[in-house]
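Notes follow once the structure below has been shown.
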Amino acid sequence: MQARENLAQAAAKQVTKQAADVLIPQPGDRQKWWQHITEYSLIVIFAVMFVTTSLSVDHFFSIENMLGLALSISQIGMVACTMMFCLASRDFDLSVGSTVAFAGVLCAMVLNATGSTVLAIVAAVAAGSVIGFVNGAVIAYLRINALITTLATMEIVRGLGFIVSHGQAVGVSSDTFIALGGLTMFGVSLPIWVTLVCFIVFGVLLNHTVYGRNTLAIGGNPEASRLAGIHVERTRVMIFLIQGAVTALAGVILASRITSGQPNAAEGFELNVISACVLGGVSLLGGRATISGVVIGVLIMGTVENVMNLLNIDAFYQYLVRGAILLAAVLLDQLKNRGTRD
């Protein structure tokens with residue numbers, strides 16, 4: 001009889017403890033709850049924004065506008081995939097806008113000189129790779145801060161674009177090259193397909209390869225990663241090299257779309273890319289990134305800009321909105337980091 005009462009009391013205590021755990025989450029449970037909230041909140045925000053704008057803004061949900069929206073975010077989406085790796089490893093790249101412009105100018109010049117579209121694209125992507133390699137080598141091996149390094153290369157590369165083009169747009173007359181920007185498959189433009197491929201490839205790299213795991217590990221703790229046998233410097237150089245190559249490819253596609261290489265193209269591009277990544281949950285402190293979050297971040301940035309254009313909002317006010325989004329993204333990142341620490 002006594003044993004039965006003791007067993008009943010123990011069962012009652014266990015039930016009470018489980019109820020308390022549900023009502024008063026433990027620190028580990030609170031962290032999991034916060035991760036789930038921050039993971040799905042962005043999707044909910046975008047869904048609400050998309051439905052609201054579809055119902056309230058004329059022509060927003062039309063097929064033509066949806067394809068135009070996808071095309072307008074294609075370059076940002078491509079570069080955001082590689083910027084995600086930079087941010088996840090505790091670095092960032094401010095030179096992507098200048099690289100886009102320089103790659104477009106170089107591609108147009110090589111194309112006009114040789115008449116070969118393939119050679120022009122290879123030259124532009126190779127130049128972007130060199131720029132990325134220099135950024136990575138200086139940051140990783142010379143231990144120069146990423147802000148200073150990429151700020152310097154941003155100015156240098158932009159200056160080179162103006163010098164080689166004499167400050168003028170370099171026109172392109174090759175029908176083959178111009179057709180690349182307007183080429184469609186199943187009614188969808190080639191730049192959109194390239195962006196979708198980038199989302200898939202870099203999503204696989206992040207989630208299912210040693211390269212992706214090493215990137216997140218380096219961002220989480222570089223010294224511990226080095227002690228664990230990860231080649232930290234080599235990985236960081238590779239991250240920037242790939243960043244430069246993909247950014248140059250985005251510059252080539254942009255030059256094809258506008259039929260010229262513009263040395264002043266993509267000004268402020270780097271801020272849009274970083275904003276999309278941070279808004280998508282990529283931590284500025286490194287160690288955390290998801291490709292799904294980056295996709296949503298890019299879509300939010302593109303949707304906001306598309307809606308402002310449809311509503312004929314003055315470009316001056318659009319600067320304010322983009323700045324507010326960047327500030328909101330940084331604040332959201334701080335809240336996520338605080339929630340994770342708590």
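How things are named: the first chain in the structure tokens is A, the next is B, and so on; residues count from 1 in each chain; ligands count from 1 in the order shown.
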Practice problem: Write out as a list in words which residues come within 12 Å of A:Ile139 when counting only C-alpha atoms, dropping same-chain ones fewer than 5 positions away. | Solution: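 Using only C-alpha atoms, the neighbours found are Cys86, Ser89, Arg90, Asp91, Phe92, Asp93, Gly132, Phe133, Val134, Ile144, Asn145, Ala146, Leu147, Ile148, Thr149, Thr150, Leu151, Ala152, Thr153, Val232, Glu233, Arg234, Thr235, Arg236, Val237, Met238, Ile239 and Phe240 of chain A.
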Exercise. Determine, counting only C-alpha atoms, which protein, DNA and RNA residues have an atom within 6 Å of an atom of A:Val100; residues of the same chain fewer than 6 positions away are not included. Present the result as a list in words.
Key: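 These residues fall inside the cut-off: Thr247, Ala248 and Gly251 of chain A.
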Store the residues picked out above in a file with N, CA and C atoms, as a PDB file, in the first residue's frame.
ATOM      1  N   THR A 247      30.121  37.748 -58.870  1.00  0.00           N
ATOM      2  CA  THR A 247      29.809  39.167 -59.034  1.00  0.00           C
ATOM      3  C   THR A 247      30.136  39.631 -60.445  1.00  0.00           C
ATOM      4  N   ALA A 248      31.263  39.180 -60.988  1.00  0.00           N
ATOM      5  CA  ALA A 248      31.622  39.537 -62.363  1.00  0.00           C
ATOM      6  C   ALA A 248      30.609  38.975 -63.356  1.00  0.00           C
ATOM      7  N   GLY A 251      27.818  41.194 -63.443  1.00  0.00           N
ATOM      8  CA  GLY A 251      28.151  42.377 -64.234  1.00  0.00           C
ATOM      9  C   GLY A 251      28.021  42.124 -65.719  1.00  0.00           C
TER      10      GLY A 251
END
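Considering the residues A:Gln75, A:Gln334, A:Ser165, A:Asn214 and counting only C-alpha atoms, A:Val194 has its shortest atom-to-atom contact with A:Gln75.
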Exercise. Tell me which of A:Ala101, A:Glu155, A:Ser129, A:Gly261 sits closest to A:Phe177, counting only C-alpha atoms.
Key: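 For A:Phe177, the nearest of the given residues is A:Gly261.
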Practice problem: Give me the residues within 12 Å of stretch 54-59 of chain A as a ChimeraX atom specification, counting only C-alpha atoms and dropping any in the same chain fewer than 3 places off. | Solution: /A:46-51,62-66,68-69,303-304,306-312
Self-check item: Every residue of stretch 61-251 of chain A that DSSP places in helix (DSSP H, G or I), as an NGL selection string
Solution: :A and (63-72 or 74-88 or 96-114 or 117-141 or 146-165 or 175-182 or 190-208 or 210-220 or 222-227 or 232-251)
Quiz prompt | Between atom CA of A:Val295 and atom CA of A:Arg158, distance in Å (one decimal) | solution =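 Those two atoms sit 27.9 Å apart.
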Quiz prompt | Two-atom distance - atom CA of A:Leu106, atom CA of A:Ala80 (Å) | solution = 22.4 Å
